[in-house]
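The next block is target.csv, given as CSV, C-alpha atoms.
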```
chain,number,residue,atom,x,y,z
O,1459,MET,CA,-27.2,165.9,40.2
O,1460,ALA,CA,-26.6,162.1,40.4
O,1461,SER,CA,-23.0,161.1,41.2
O,1462,PRO,CA,-21.2,159.2,38.4
O,1463,THR,CA,-21.1,155.4,38.9
O,1464,LEU,CA,-17.7,154.3,40.2
O,1465,LYS,CA,-16.2,151.4,38.3
O,1466,ARG,CA,-15.1,148.7,40.8
O,1467,LYS,CA,-11.6,147.7,40.3
O,1468,VAL,CA,-11.0,143.9,39.8
O,1469,VAL,CA,-8.6,142.6,42.4
O,1470,ARG,CA,-6.4,140.1,40.6
O,1471,GLN,CA,-5.3,136.8,42.2
O,1472,PRO,CA,-2.6,134.2,41.3
O,1473,VAL,CA,-4.3,131.5,39.2
O,1474,HIS,CA,-2.4,128.5,37.8
O,1475,GLY,CA,-3.8,125.9,35.5
O,1476,VAL,CA,-5.5,125.2,32.2
O,1477,LEU,CA,-9.2,125.8,31.4
O,1478,LEU,CA,-10.6,123.9,28.4
O,1479,LEU,CA,-13.1,126.3,26.9
O,1480,ASP,CA,-15.6,125.4,24.2
O,1481,LYS,CA,-15.2,128.7,22.3
O,1482,PRO,CA,-18.4,130.2,21.1
O,1483,LEU,CA,-19.0,131.4,17.6
O,1484,GLY,CA,-18.4,135.1,16.9
O,1485,TRP,CA,-15.7,135.6,19.5
O,1486,SER,CA,-12.0,136.0,18.8
O,1487,SER,CA,-9.6,133.9,20.8
O,1488,ASN,CA,-8.2,137.0,22.5
O,1489,ASP,CA,-11.6,138.4,23.4
O,1490,VAL,CA,-12.7,135.2,25.0
O,1491,LEU,CA,-9.4,134.9,26.8
O,1492,GLN,CA,-9.8,138.3,28.3
O,1493,LYS,CA,-13.4,137.5,29.4
O,1494,VAL,CA,-12.3,134.3,31.2
O,1495,LYS,CA,-9.3,136.1,32.7
O,1496,TRP,CA,-11.7,138.6,34.2
O,1497,LEU,CA,-14.1,135.9,35.4
O,1498,LEU,CA,-11.3,134.2,37.3
O,1499,ARG,CA,-9.6,137.5,38.3
O,1500,ALA,CA,-6.4,135.9,37.1
O,1501,GLU,CA,-3.1,137.9,37.0
O,1502,LYS,CA,-1.6,136.2,34.0
O,1503,ALA,CA,-3.2,134.4,31.0
O,1504,GLY,CA,-2.6,133.3,27.5
O,1505,HIS,CA,-4.3,131.1,24.8
O,1506,THR,CA,-2.7,128.3,22.8
O,1507,GLY,CA,-3.2,129.6,19.3
O,1508,THR,CA,-6.0,131.5,17.6
O,1509,LEU,CA,-9.3,130.0,16.5
O,1510,ASP,CA,-11.2,132.0,14.0
O,1511,PRO,CA,-14.3,133.9,15.2
O,1512,LEU,CA,-16.4,131.8,12.9
O,1513,ALA,CA,-15.0,128.6,14.5
O,1514,SER,CA,-16.1,127.1,17.8
O,1515,GLY,CA,-14.7,124.3,19.9
O,1516,VAL,CA,-11.7,123.3,22.0
O,1517,LEU,CA,-9.6,126.3,23.1
O,1518,PRO,CA,-7.2,125.6,26.0
O,1519,LEU,CA,-6.6,128.7,28.0
O,1520,CYS,CA,-3.5,128.9,30.2
O,1521,PHE,CA,-3.2,130.8,33.4
O,1522,GLY,CA,-0.1,131.6,35.5
O,1523,ALA,CA,2.6,129.0,35.4
O,1524,ALA,CA,0.8,127.1,32.6
O,1525,THR,CA,1.5,129.9,30.2
O,1526,LYS,CA,5.2,128.8,30.2
O,1527,PHE,CA,4.1,125.6,28.4
O,1528,SER,CA,1.4,126.9,26.0
O,1529,GLN,CA,3.8,126.5,23.1
O,1530,LEU,CA,3.3,122.7,23.4
O,1531,GLN,CA,-0.4,123.1,22.4
O,1532,LEU,CA,0.5,125.4,19.6
O,1533,ASP,CA,2.7,122.6,18.2
O,1534,ALA,CA,0.1,119.9,18.9
O,1535,ASP,CA,-2.0,117.9,16.4
O,1536,LYS,CA,-5.6,119.1,16.0
O,1537,THR,CA,-8.9,117.5,15.0
O,1538,TYR,CA,-11.7,119.4,13.3
O,1539,ALA,CA,-15.3,118.8,12.2
O,1540,ALA,CA,-16.2,120.9,9.2
O,1541,THR,CA,-19.0,121.4,6.7
O,1542,LEU,CA,-18.1,122.1,3.1
O,1543,ARG,CA,-20.7,123.9,0.9
O,1544,LEU,CA,-20.1,122.5,-2.5
O,1545,GLY,CA,-20.7,124.5,-5.7
O,1546,GLN,CA,-19.8,127.9,-4.3
O,1547,LYS,CA,-16.5,129.6,-3.9
O,1548,THR,CA,-16.3,132.7,-1.7
O,1549,SER,CA,-13.8,135.6,-1.4
O,1550,THR,CA,-12.6,134.3,2.0
O,1551,GLY,CA,-13.0,130.6,1.6
O,1552,ASP,CA,-15.7,130.5,4.3
O,1553,ALA,CA,-19.3,131.7,4.9
O,1554,GLU,CA,-18.1,135.2,5.8
O,1555,GLY,CA,-17.1,136.1,2.3
O,1556,GLU,CA,-19.0,137.0,-0.8
O,1557,VAL,CA,-19.8,134.3,-3.4
O,1558,ILE,CA,-17.4,134.8,-6.3
O,1559,ALA,CA,-18.1,131.7,-8.3
O,1560,THR,CA,-21.0,129.2,-8.7
O,1561,ARG,CA,-20.7,125.8,-10.4
O,1562,ALA,CA,-22.9,122.8,-10.7
O,1563,VAL,CA,-22.3,119.9,-8.4
O,1564,THR,CA,-21.9,116.7,-10.3
O,1565,VAL,CA,-19.8,114.6,-7.9
O,1566,THR,CA,-19.6,110.8,-8.1
O,1567,ALA,CA,-18.6,108.3,-5.5
O,1568,ALA,CA,-15.4,107.7,-7.4
O,1569,ASP,CA,-14.6,111.5,-7.2
O,1570,LEU,CA,-15.0,111.4,-3.4
O,1571,ALA,CA,-12.8,108.4,-3.0
O,1572,ARG,CA,-10.2,109.9,-5.2
O,1573,VAL,CA,-10.2,113.2,-3.3
O,1574,LYS,CA,-10.0,111.5,0.1
O,1575,ALA,CA,-6.9,109.6,-1.0
O,1576,GLN,CA,-5.4,112.8,-2.6
O,1577,PHE,CA,-5.7,114.8,0.6
O,1578,THR,CA,-4.6,112.2,3.1
O,1579,GLY,CA,-0.9,112.2,4.2
O,1580,ARG,CA,1.6,114.9,3.4
O,1581,ILE,CA,0.1,117.7,1.4
O,1582,SER,CA,1.1,121.2,0.3
O,1583,GLN,CA,-0.9,124.2,1.2
O,1584,VAL,CA,-0.7,127.9,0.3
O,1585,PRO,CA,-1.8,129.9,3.4
O,1586,PRO,CA,-5.0,131.9,2.8
O,1587,MET,CA,-5.0,135.6,2.6
O,1588,HIS,CA,-7.6,135.7,5.4
O,1589,SER,CA,-5.3,134.4,8.1
O,1590,ALA,CA,-3.2,135.7,11.0
O,1591,LEU,CA,0.1,134.6,9.3
O,1592,LYS,CA,2.4,137.6,9.2
O,1593,LYS,CA,4.3,139.1,6.2
O,1594,ASP,CA,6.6,142.1,6.9
O,1595,GLY,CA,5.2,142.4,10.4
O,1596,LYS,CA,1.6,142.6,9.3
O,1597,ALA,CA,-1.1,139.9,9.3
O,1598,LEU,CA,-2.2,138.6,5.9
O,1599,TYR,CA,-5.9,139.5,6.7
O,1600,GLU,CA,-4.9,143.2,7.0
O,1601,TYR,CA,-3.6,143.1,3.4
O,1602,ALA,CA,-6.7,141.2,2.4
O,1603,ARG,CA,-9.0,143.8,3.9
O,1604,ALA,CA,-7.1,146.5,2.0
O,1605,GLY,CA,-7.7,144.5,-1.2
O,1606,ILE,CA,-4.0,143.6,-1.6
O,1607,GLU,CA,-3.0,140.1,-2.6
O,1608,VAL,CA,0.5,139.1,-1.5
O,1609,GLU,CA,2.6,136.2,-2.5
O,1610,ARG,CA,2.6,133.3,0.0
O,1611,VAL,CA,5.0,130.4,0.1
O,1612,ALA,CA,3.4,126.9,0.0
O,1613,ARG,CA,4.2,124.7,3.0
O,1614,GLU,CA,3.8,121.1,3.9
O,1615,VAL,CA,1.4,119.8,6.5
O,1616,GLU,CA,0.1,116.4,7.3
O,1617,ILE,CA,-3.5,115.1,7.2
O,1618,TYR,CA,-3.4,112.0,9.4
O,1619,GLU,CA,-7.1,111.1,8.8
O,1620,LEU,CA,-9.7,112.6,6.5
O,1621,ASN,CA,-13.2,111.2,7.2
O,1622,MET,CA,-15.8,112.2,4.6
O,1623,PRO,CA,-18.8,110.6,2.8
O,1624,LEU,CA,-17.9,108.4,-0.1
O,1625,GLU,CA,-21.2,109.1,-1.9
O,1626,LEU,CA,-23.7,112.0,-1.9
O,1627,MET,CA,-27.1,111.1,-0.6
O,1628,ASP,CA,-28.9,112.6,-3.6
O,1629,ILE,CA,-28.3,114.8,-6.6
O,1630,ALA,CA,-29.5,117.9,-4.7
O,1631,GLN,CA,-26.9,117.5,-1.9
O,1632,VAL,CA,-24.6,120.6,-1.8
O,1633,ALA,CA,-23.0,120.1,1.6
O,1634,ILE,CA,-20.8,117.4,3.1
O,1635,ASP,CA,-19.4,117.0,6.6
O,1636,ILE,CA,-15.8,116.0,7.1
O,1637,ILE,CA,-13.6,115.3,10.1
O,1638,VAL,CA,-9.9,116.1,9.8
O,1639,LYS,CA,-7.1,115.0,12.1
O,1640,CYS,CA,-4.0,117.1,11.1
O,1641,SER,CA,-0.7,118.5,12.1
O,1642,LYS,CA,-0.1,122.0,13.3
O,1643,GLY,CA,-0.3,124.8,10.8
O,1644,THR,CA,-3.1,123.1,8.7
O,1645,TYR,CA,-5.6,125.6,7.3
O,1646,ILE,CA,-9.0,123.8,7.1
O,1647,ARG,CA,-10.4,126.6,5.1
O,1648,THR,CA,-7.7,126.1,2.5
O,1649,LEU,CA,-8.3,122.3,2.6
O,1650,GLY,CA,-12.0,122.8,2.0
O,1651,GLU,CA,-11.3,125.1,-1.0
O,1652,ASP,CA,-8.7,122.6,-2.4
O,1653,ILE,CA,-11.1,119.7,-2.0
O,1654,GLY,CA,-13.8,121.8,-3.9
O,1655,GLU,CA,-11.4,122.4,-6.8
O,1656,ALA,CA,-10.4,118.8,-6.9
O,1657,LEU,CA,-14.0,117.8,-7.2
O,1658,GLY,CA,-14.5,120.3,-10.0
O,1659,CYS,CA,-17.3,122.3,-8.4
O,1660,GLY,CA,-15.6,124.6,-5.9
O,1661,ALA,CA,-16.4,124.8,-2.2
O,1662,HIS,CA,-16.2,126.9,0.9
O,1663,LEU,CA,-16.3,126.2,4.6
O,1664,SER,CA,-19.7,126.9,6.0
O,1665,ALA,CA,-19.0,125.6,9.5
O,1666,LEU,CA,-15.9,124.7,11.5
O,1667,ARG,CA,-15.5,123.2,15.0
O,1668,ARG,CA,-12.3,122.1,16.7
O,1669,ILE,CA,-13.1,118.9,18.5
O,1670,GLY,CA,-9.6,117.9,19.8
O,1671,THR,CA,-6.2,119.3,20.3
O,1672,GLY,CA,-3.1,117.8,21.9
O,1673,GLY,CA,-4.9,115.1,23.8
O,1674,PHE,CA,-7.7,117.4,24.9
O,1675,ASP,CA,-11.2,116.6,23.7
O,1676,ILE,CA,-14.4,118.6,23.3
O,1677,ALA,CA,-16.2,116.5,25.9
O,1678,GLN,CA,-13.8,118.0,28.5
O,1679,CYS,CA,-14.7,121.6,27.7
O,1680,VAL,CA,-16.9,124.1,29.5
O,1681,THR,CA,-18.9,126.7,27.7
O,1682,LEU,CA,-18.5,130.4,28.3
O,1683,ALA,CA,-22.2,130.6,29.3
O,1684,ALA,CA,-21.8,127.8,31.9
O,1685,LEU,CA,-18.7,129.5,33.2
O,1686,GLU,CA,-20.5,132.8,33.6
O,1687,ALA,CA,-23.3,131.1,35.6
O,1688,MET,CA,-20.8,129.6,38.1
O,1689,SER,CA,-19.5,131.0,41.4
O,1690,GLU,CA,-15.8,131.9,41.4
O,1691,SER,CA,-14.9,128.7,43.4
O,1692,GLN,CA,-16.8,126.6,40.8
O,1693,ARG,CA,-14.9,128.3,38.0
O,1694,LEU,CA,-11.5,127.7,39.7
O,1695,ALA,CA,-12.6,124.0,40.1
O,1696,CYS,CA,-12.8,123.7,36.3
O,1697,LEU,CA,-9.1,124.3,36.0
O,1698,LEU,CA,-6.8,121.4,35.1
O,1699,PRO,CA,-3.4,121.3,36.8
O,1700,VAL,CA,-0.4,122.8,35.0
O,1701,ASN,CA,1.1,119.4,34.4
O,1702,SER,CA,-1.9,118.4,32.3
O,1703,LEU,CA,0.0,120.1,29.4
O,1704,LEU,CA,2.9,117.7,30.0
O,1705,ALA,CA,1.0,114.4,29.8
O,1706,GLN,CA,3.3,113.0,27.0
O,1707,HIS,CA,6.5,114.0,28.8
O,1708,ALA,CA,8.9,111.5,30.4
O,1709,VAL,CA,9.1,112.0,34.2
O,1710,VAL,CA,12.2,112.6,36.4
O,1711,THR,CA,12.0,113.1,40.1
O,1712,LEU,CA,14.7,114.8,42.1
O,1713,ASP,CA,15.6,114.8,45.8
O,1714,GLY,CA,15.8,118.0,47.9
O,1715,ASP,CA,19.3,119.2,47.0
O,1716,ASN,CA,19.1,118.3,43.4
O,1717,ALA,CA,15.6,119.8,43.1
O,1718,SER,CA,16.9,123.1,44.5
O,1719,ARG,CA,19.9,123.2,42.2
O,1720,PHE,CA,17.7,122.3,39.1
O,1721,LEU,CA,15.3,125.0,40.0
O,1722,SER,CA,18.3,127.4,40.0
O,1723,GLY,CA,18.9,126.4,36.4
O,1724,LEU,CA,21.8,124.0,37.0
O,1725,PRO,CA,22.0,120.8,35.0
O,1726,ARG,CA,21.9,117.5,37.0
O,1727,ARG,CA,23.5,114.2,36.2
O,1728,GLY,CA,21.9,110.8,36.6
O,1729,ALA,CA,21.2,107.4,35.0
O,1730,TRP,CA,18.3,108.7,32.9
O,1731,PRO,CA,17.7,107.6,29.3
O,1732,ASP,CA,17.9,110.3,26.7
O,1733,ALA,CA,14.6,112.2,26.2
O,1734,ALA,CA,13.7,115.4,24.4
O,1735,GLN,CA,10.7,116.2,26.6
O,1736,VAL,CA,10.9,115.7,30.4
O,1737,ALA,CA,8.6,116.9,33.2
O,1738,VAL,CA,10.7,117.3,36.4
O,1739,TYR,CA,9.2,116.9,39.9
O,1740,ALA,CA,10.4,117.3,43.5
O,1741,GLU,CA,10.6,114.0,45.3
O,1742,LYS,CA,9.2,115.1,48.7
O,1743,SER,CA,6.4,117.5,47.7
O,1744,HIS,CA,5.6,116.0,44.3
O,1745,ALA,CA,5.6,119.6,43.0
O,1746,LEU,CA,6.2,120.3,39.3
O,1747,LEU,CA,9.5,122.1,38.9
O,1748,GLY,CA,9.5,122.5,35.2
O,1749,THR,CA,10.6,120.9,31.9
O,1750,ALA,CA,14.0,119.6,30.7
O,1751,GLN,CA,15.7,117.4,28.2
O,1752,VAL,CA,18.0,114.5,29.0
O,1753,ALA,CA,21.1,114.0,26.9
O,1754,ALA,CA,24.0,111.6,27.7
O,1755,GLY,CA,22.9,111.4,31.4
O,1756,GLU,CA,22.6,115.1,31.8
O,1757,LEU,CA,19.2,116.7,32.8
O,1758,ILE,CA,19.2,120.1,31.1
O,1759,PRO,CA,16.7,122.6,32.4
O,1760,GLY,CA,14.1,124.1,30.0
O,1761,ARG,CA,11.1,126.1,31.2
O,1762,LEU,CA,11.1,126.4,35.0
O,1763,LEU,CA,8.5,127.4,37.6
O,1764,SER,CA,9.5,130.0,40.1
O,1765,PRO,CA,9.5,129.2,43.9
O,1766,ILE,CA,6.6,131.6,44.3
O,1767,GLU,CA,4.6,129.8,41.6
O,1768,ILE,CA,5.3,126.5,43.2
O,1769,GLU,CA,4.2,127.7,46.6
O,1770,GLN,CA,1.0,129.4,45.1
O,1771,ILE,CA,0.1,126.1,43.4
O,1772,ALA,CA,0.6,124.2,46.7
O,1773,GLN,CA,-1.5,126.7,48.6
O,1774,ALA,CA,-4.3,126.4,46.0
O,1775,THR,CA,-4.2,122.6,46.2
O,1776,ARG,CA,-4.4,122.6,50.0
O,1777,ALA,CA,-7.3,125.1,49.9
O,1778,SER,CA,-9.2,123.0,47.4
O,1779,ALA,CA,-8.6,119.8,49.5
O,1780,CYS,CA,-9.9,121.6,52.6
O,1781,ALA,CA,-13.0,122.8,50.8
O,1782,SER,CA,-13.7,119.3,49.5
O,1783,ALA,CA,-13.3,117.8,52.9
O,1784,SER,CA,-15.6,120.5,54.4
O,1785,GLU,CA,-18.3,119.8,51.8
O,1786,ALA,CA,-18.1,116.1,52.5
O,1787,GLN,CA,-18.8,116.6,56.3
O,1788,PRO,CA,-22.4,115.6,57.3
O,1789,LEU,CA,-24.6,118.4,58.6
```
Take the structure I supplied and represent it as structure tokens, if you would.
Amino acid sequence: MASPTLKRKVVRQPVHGVLLLDKPLGWSSNDVLQKVKWLLRAEKAGHTGTLDPLASGVLPLCFGAATKFSQLQLDADKTYAATLRLGQKTSTGDAEGEVIATRAVTVTAADLARVKAQFTGRISQVPPMHSALKKDGKALYEYARAGIEVERVAREVEIYELNMPLELMDIAQVAIDIIVKCSKGTYIRTLGEDIGEALGCGAHLSALRRIGTGGFDIAQCVTLAALEAMSESQRLACLLPVNSLLAQHAVVTLDGDNASRFLSGLPRRGAWPDAAQVAVYAEKSHALLGTAQVAAGELIPGRLLSPIEIEQIAQATRASACASASEAQPL
């Protein structure tokens, strides 16, 4: 009798940084996070907001100390490329649902120009039933799957840019491509449906790709397939440093004694200008200590790294530098 195959236990390791993944279609954000966490053997991981399974594109994954700052990406502006199928309305607002209404597409250049102006700037949206937004502790999509429609409160979001064609190529055209730069909380599926209604023909989202978020661009991303084909050291080399999440923060550097006290959670005083978002570093080691705010000359700690995390990041940096130097040596 053959012995059962023993499942090898994955030995986890401390991993700190941000991996910019080009999320594939068909994967949930959590499923792809768990897959990459396994590939890196990382101890701790988190994503920066869900991207629908039917959407692809930029999904920053945070590991170790970077998870402390993932909220910054949740709050960041986003950019999407989407395709709207005109003339058809679906039960979900995207290609996953059933077609529930069909109308003729008789859209003029004037209609498109009007709609572009109408949906640029501050707009009001009613969150879709097929979304992860919670009501009474349960996601809206759970109610939707049970055939229950619940009341949702409209909320304001901002569309900074809406790029769309200002004329259809021919009378038979039933799909248009749009690029949307928007604030957090914007539902592109809802935007597509609202545009369809404003055009008088209805519409649903047939494709969605996030091409930018919080200063990160799709060109910086690695695909899951490419990541799987790499060695572990190559995968780790894809990680951006933790402070890549803090690129828009003001910078404060502290000397040894002040750095230690700040890391203990004690405010520091100095001649710093007021700032809501500050990245704090140690003067000698250049190590990131955490975030803070400055008010009336007082540096008030926010999210702090632990001494263990700081040392692990330093060790990983030294190991990477040694590996690069070794590879550069002539044979």
Set out as CSV a contact list for range 1613-1640 of chain O and range 1668-1686 of chain O with a cut-off of 10 Å, giving each residue of range 1613-1640 of chain O that qualifies its closest atom pair and distance in Å to one decimal, counting only C-alpha atoms, ordered by chain and rising residue number.
```
residue,atom,partner,partner_atom,distance
O:Ile1637,CA,O:Ile1669,CA,9.2
O:Val1638,CA,O:Arg1668,CA,9.5
O:Lys1639,CA,O:Gly1670,CA,8.6
O:Cys1640,CA,O:Thr1671,CA,9.7
```
- Message: Give me the residues near Ala1772 in chain O as a VMD selection string, where near means some atom within 10 Å (using all atoms listed in the file) and where sequence neighbours in that chain fewer than 5 positions away do not count.
- Response: chain O and resid 1743 to 1745 1766 to 1767 1777 to 1778
- In terms of the shortest atom-to-atom distance over all atoms listed in the file, which of O:Gly1605, O:Gly1654, O:Gly1760, O:Gly1728 is closest to Thr1541 in chain O?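 Result for the nearest residue to Thr1541 in chain O: O:Gly1654.
Nearest residue to Gly1515 in chain O among O:Cys1659, O:Ala1665, O:Pro1623, O:Pro1586 is O:Ala1665, counting only C-alpha atoms.
Shortest atom-to-atom contact with Thr1564 in chain O among O:Leu1542, O:Leu1512, O:Ile1629, O:Val1608: O:Ile1629, counting only C-alpha atoms.
Proximity ranking of O:Leu1478, O:Ile1606, O:Met1627, O:Ile1617 relative to Gln1576 in chain O places O:Ile1617 first, based on all atoms listed in the file.
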- Query: When you draw a straight line from CA of Ala1687 in chain O to CA of Leu1498 in chain O, how long is it in Å?
  - Reply: 12.5 Å
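Between Gly1748 in chain O and the residues O:Lys1526, O:Lys1481, O:Arg1647, O:Arg1667, the shortest atom-to-atom distance, using only C-alpha atoms, involves O:Lys1526.
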- Give the answer as one residue: which of O:Gly1522, O:Pro1725, O:Gly1475, O:Gly1579 has the shortest atom-to-atom distance to Leu1704 in chain O, using all atoms listed in the file?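 Closest residue, counting all atoms listed in the file: O:Gly1475.
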Please check which residues have atoms at most 10 Å from (-4.1, 129.8, 26.1) in the file's coordinates, counting all atoms listed in the file, and write them as a PDB file with C-alpha atoms, in the frame of the given file.
```
ATOM      1  CA  VAL O1476      -5.500 125.200  32.200  1.00  0.00           C
ATOM      2  CA  LEU O1477      -9.200 125.800  31.400  1.00  0.00           C
ATOM      3  CA  LEU O1478     -10.600 123.900  28.400  1.00  0.00           C
ATOM      4  CA  LEU O1479     -13.100 126.300  26.900  1.00  0.00           C
ATOM      5  CA  SER O1487      -9.600 133.900  20.800  1.00  0.00           C
ATOM      6  CA  ASN O1488      -8.200 137.000  22.500  1.00  0.00           C
ATOM      7  CA  LEU O1491      -9.400 134.900  26.800  1.00  0.00           C
ATOM      8  CA  ALA O1503      -3.200 134.400  31.000  1.00  0.00           C
ATOM      9  CA  GLY O1504      -2.600 133.300  27.500  1.00  0.00           C
ATOM     10  CA  HIS O1505      -4.300 131.100  24.800  1.00  0.00           C
ATOM     11  CA  THR O1506      -2.700 128.300  22.800  1.00  0.00           C
ATOM     12  CA  GLY O1507      -3.200 129.600  19.300  1.00  0.00           C
ATOM     13  CA  THR O1508      -6.000 131.500  17.600  1.00  0.00           C
ATOM     14  CA  LEU O1517      -9.600 126.300  23.100  1.00  0.00           C
ATOM     15  CA  PRO O1518      -7.200 125.600  26.000  1.00  0.00           C
ATOM     16  CA  LEU O1519      -6.600 128.700  28.000  1.00  0.00           C
ATOM     17  CA  CYS O1520      -3.500 128.900  30.200  1.00  0.00           C
ATOM     18  CA  PHE O1521      -3.200 130.800  33.400  1.00  0.00           C
ATOM     19  CA  ALA O1524       0.800 127.100  32.600  1.00  0.00           C
ATOM     20  CA  THR O1525       1.500 129.900  30.200  1.00  0.00           C
ATOM     21  CA  PHE O1527       4.100 125.600  28.400  1.00  0.00           C
ATOM     22  CA  SER O1528       1.400 126.900  26.000  1.00  0.00           C
ATOM     23  CA  GLN O1529       3.800 126.500  23.100  1.00  0.00           C
ATOM     24  CA  GLN O1531      -0.400 123.100  22.400  1.00  0.00           C
ATOM     25  CA  LEU O1532       0.500 125.400  19.600  1.00  0.00           C
TER      26      LEU O1532
END
```
- Item | Cut-off 8 Å around (14.3, 112.9, 28.0) with all atoms listed in the file: residues as an NGL selection string | :O and (1707-1708 or 1730-1736 or 1750-1753 or 1757)
- Can you tell me how far CA of Arg1610 in chain O sits from CA of Ala1540 in chain O, in Å to one decimal?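 Atom-to-atom, CA of Arg1610 in chain O to CA of Ala1540 in chain O, that is 24.3 Å.
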- So how far away is CA of Lys1502 in chain O from CA of Ile1771 in chain O, in Å?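 Here the two named atoms are 13.9 Å from each other.
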